[in-house]
Amino acid sequence: MMNRVRVRTLTVVLLLAVSCTLLTACKKDDDFVHVPVGAHTDCDSAVFDPKLDGSPTVEITYAISPSGHTYTVDVKIMDGAALVRLLVDDASQAGGWNHNAQWDGKNGAGEFADPGTYQVVIDAQHATATPVTHQADIDVVRLGVDEISFGGYSMVYPKTSSGNTADHAISTPQWAIQSLDTNTGMPRTEAVPNQSVMYPDSAGASNHNYPFCYAAGSKVQLAPRLGSQAVSNITQNPVAVNYPVTGHPIRIEAEGYSTSDAGADDISPGDTFTFEADTALGASCAAEVLALDFTFSYKDGAEWIQIPGRYSTTHEIYRTVGAPRAVDYNGGGTPESFLYVPMVEWSCTWAAGCTNVKGVADACYQQLEDCGLTYMVLAWYTADMLDDGGGMCDGWNDFFDHLVAVQGFATEKYFYGLSANAGSPPEQKWASIVIKAPGINLTEPAFPTANDYRCVESVYPVPCYISDFNSSDDVDFYQNQHWYKFSSPSAMDGHCINFLDIGGVIYLYDASFRNTAGPNPIAGTFATLPPDGYMQGSGLSSFKSLYYNSAIDYHQGSVYCDHDGNGGTSPVVRTVDIRTSLFGPDELRLYWLKQD
């Protein structure tokens, strides 16, 4: 009973879908009435692309009347007089019932049929009846896109290749394939999203898949271009894509997107259309993979009928909390109008879900090692750091600020330096800072040459120092240490850091030594941001106790020492390294400079 209901339903469908069904007049022979055999596809599609994603098939449903008799049935795919595929071969099938066959768009050799018009032919025979043959046309086409432009913010790779440090700008289209098919006629596989954040996997004009970037809360626009090149899987020669199809306009749709081009309802090979997302991106920053599905429909009268299958692409999309802040990547004095891809990748990945400057800054700071760049590389600007694999402290505070700038925020960049002449001659307090920590992404300090250090660990201000290795000394002699000491009495030694003022609370970020200082910024080093110029005394008290004493191990300078352990003789000047925590802020004099 259920099958008979289906037969009636299908009969109605056949009458409606005359575009893909050939109906003939009834015949009477030996008092035996032959109702025409009908053929139609699932989704009532008379247009088919077997190379679309999803392994689409045409379902051919047919019924033979009258019931109560058994017929010998063939179902064939024909190209004129040539047999393409035999789907049902001499099958015994009962009349009055619903029967099905499927075609995957391939010939008998397992090759994809070329674009063109094919006939579904159904032959039904009975011993006492005149044979009945009916057919329906199916237009095989080749659909898909070969370029997609996304717009958004302009992005640049810092390298053209692994060995070439010239910038490589990402131009539209961000996604492209050479053609819809390979030279064997098989569907071309898209390039996966670019794997390197430093340079493009392929710098050519075709077969690339670069990321794109939009502000959170905006709507993504995309402009796909329809492919116009197909290749025969049978002959490996170029073939036409076989549309437009006469009488059946075809339209393209992007799932979740609305077209702004009326022409998308009547497409032709090579056309480009603009789509805008139906919904806005989320409000937080993120790096994610965007999957697109393009579907196609053809028009039959007033009805749009979906063509089986889809054309799918994948893309990496970054979204920023706000409009990125323009920054000077190379020290040329002019803010750049583009974003470096690795800065966007790292910022959007590390700070995913963040919506404010503190969240972004903390997240980037806590995962800063993941960039792989190292401290103590002779580079002082972000662009050079990306090319050379790291930088000095002046580069690192720029680099950290530029990560935050991707999301539209800013930190305050500062240099603090020692007053090289902070004592009365012959004393020089203090000439240099000494840092024992290795620096970010290093396991030991990377100072290029080892130095001898004479370190005072507990006695100050008048330590006893007679000679190296003297048991009476208050000085420990460290020979050939790879600690950081950059200056001399004639130059100002110092360090570069970042600050954030959040609701009156000042947070300090030391990107050069983040893996030494700890995973979190330090709060409360200052009540207000330091003004440019020298600072000494109580204004440095919190800064010294909360950060400086642990960040800077020693101060090196020429100080008075009890050279013989005899209190009755005058001290002499010696070059020693004094543990920073041994002296108070009154003896620390720093020069502050807010950087652009």
# chains A, B, ... in the order shown; residues from 1 in each chain; ligands from 1

$ closest_atom_pairs --of "region 287-392 of chain A" --to "region 158-162 of chain A" --cutoff "9 Å" --atoms "only C-alpha atoms" --output "tab-separated table"
residue	atom	partner	partner_atom	distance
A:Tyr340	CA	A:Pro158	CA	6.5
A:Val341	CA	A:Pro158	CA	7.6
A:Pro342	CA	A:Pro158	CA	8.2
A:Ala383	CA	A:Pro158	CA	6.9
A:Asp384	CA	A:Pro158	CA	8.9
A:Leu386	CA	A:Pro158	CA	6.5
A:Asp387	CA	A:Pro158	CA	6.6

$ select_by_dssp --residues "region 369-459 of chain A" --states "helix (DSSP H, G or I)" --output "list in words"
Glu369, Asp370, Cys371, Thr382, Ala383, Asp384, Met385, Leu386, Asp387, Asp388, Cys393, Asp394, Gly395, Trp396, Asn397, Asp398, Phe399, Phe400, Asp401, His402, Leu403, Val404 and Ala405 of chain A

$ select_by_dssp --residues "region 218-453 of chain A" --states "strand (DSSP E)" --output "PyMOL selection string"
chain A and resi 221-226+230-231+238-239+250-254+257-259+275-277+286-300+303-306+311-320+339-340+374-375+390-391+412-418+428-434+451-453

$ closest_residue --among "A:Thr272, A:Asn451, A:Gln125, A:Ser65" --to "Glu147 (chain A)" --atoms "only C-alpha atoms"
A:Thr272

$ closest_residue --among "A:Ser558, A:Thr334, A:Thr374, A:Gln236" --to "Pro426 (chain A)" --atoms "only C-alpha atoms"
A:Ser558

$ residues_around --residues "Ile122 (chain A)" --least-positions-apart "2" --cutoff "6 Å" --atoms "only C-alpha atoms" --output "list in words"
Asp74, Val75, Thr133 and His134 of chain A

$ atom_distance --atom1 "CA of Tyr318 (chain A)" --atom2 "CA of Ser512 (chain A)"
26.3 Å

$ atom_distance --atom1 "CA of Asp370 (chain A)" --atom2 "CA of Asp553 (chain A)"
26.1 Å
